Each structure stands twice: as C-alpha cells, then as structure tokens.
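Peer 1: Just dropping this structure here.
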Amino acid sequence: MAAKDNAYCVNVDEASTFSSTAWVNRELMATGGAIVHLNCYEPSPITPMHKHPEEDEALYIVEGAGFIRFETKDDLPFTAGDLVCLPGEQYHSIHAGSDGRMRLLYFMKPGY
C-alpha cells in the first residue's frame with residue numbers, strides 16, 4: 001500500500017484474491033479520512049452478523065450478486081454495479097449469491 005500522503009492507483013482486478021474456505025478481506029487504500037477494503041467471495045460465503053458503532057459504510061458491488069441480511073428488517077438484494085448505503089448501528093451480514101463469485105468494495109472512516 002502506498003504512503004497516505006501520495007496519490008496512487010490500485011487495480012481491483014489485480015488485487016482480487018479468492019479462497020474456497022472463506023471470504024477474503026483486503027485493505028486497498030487508506031488516507032487520514034477514508035479507508036477502502038476489497039472483499040472477495042466464492043459462491044455462498046457469508047460475512048457474519050456484525051455492526052459498526054457510529055460508522056456508516058458504503059459498498060460498491062464490483063462483480064456478482066447477493067444480499068444483506070439485517071437483524072430487524074427485510075433483506076436487501078444487490079447486484080454488480082449497485083452502490084449500497086449502510087448507516088451505522090445496524091446489525092447486518094453480507095451473503096454472496098450461490099451462482100458465482102462476488103467482489104465488493106467498502107468505504108469507511110479509518111479505525112472502525
């Protein structure tokens with residue numbers, strides 16, 4: 001990863017790594033005000049139920065499809081090209097579809 005005070009570029013395709021046993025979470029970029037992670041999923045993995053106290057999260061779906069399950073509301077389906085807003089303090093889990101790989105970028109404040 002490049003220094004936080006330098007402009008740089010990361011190729012998402014080249015940074016993608018998959019595992020047959022779990023999703024792969026990788027930090028791609030970080031600045032003083034934002035952090036970007038890449039999650040790569042083989043078909044059907046789940047990011048377990050969790051929340052980010054006082055932290056909003058934005059997801060961009062690069063490839064594939066799936067849904068977000070919430071603790072207290074209906075599932076939110078998504079597909080490649082979608083941008084998803086997840087307000088803080090909401091328990092959620094991310095479920096990859098069963099018919100192909102999924103990649104998503106998520107954006108948050110540093111230190112979440």
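Residue numbering restarts at 1 in every chain; chains get A, B, ... in the order shown in the structure tokens, and ligands count up from 1 in that same order.
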Which neighbours of A:Phe67 fall inside 7 Å, counting only C-alpha atoms, when residues of the same chain fewer than 2 positions from it are skipped, and could you give them as a list in words?

Peer 2: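 Contacts, in chain order: Arg69, Asp75, Leu76, Pro77, Phe78, Ile94, His95 and Ala96 of chain A.
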
Peer 1: List every residue of chain A that DSSP, applied to the backbone of this structure, assigns to strand (DSSP E or B), and report them as JSON, numbers by chain.

Peer 2: {"A": [24, 25, 26, 27, 28, 29, 30, 35, 36, 37, 38, 39, 40, 41, 46, 47, 48, 49, 50, 57, 58, 59, 60, 61, 62, 63, 65, 66, 67, 68, 69, 70, 76, 77, 78, 79, 83, 84, 85, 86, 92, 93, 94, 95, 96, 102, 103, 104, 105, 106, 107, 108]}

Peer 1: Determine, counting only C-alpha atoms, which protein, DNA and RNA residues have an atom within 10 Å of an atom of A:Glu42; residues of the same chain fewer than 4 positions away are not included. Present the result as a list in words.

Peer 2: Thr17, Phe18, Ser19, Ser20, Thr21, Ala22, Trp23, Val24, Ile46, Gly64, Ala96, Gly97, Ser98, Asp99, Gly100, Arg101, Met102 and Arg103 of chain A

Peer 1: Which polymer residues have any atom within 6 Å of an atom of stretch 83-93 of chain A, counting only C-alpha atoms, with same-chain residues fewer than 2 positions away left out, as a ChimeraX atom specification?

Peer 2: /A:47-60,68-71
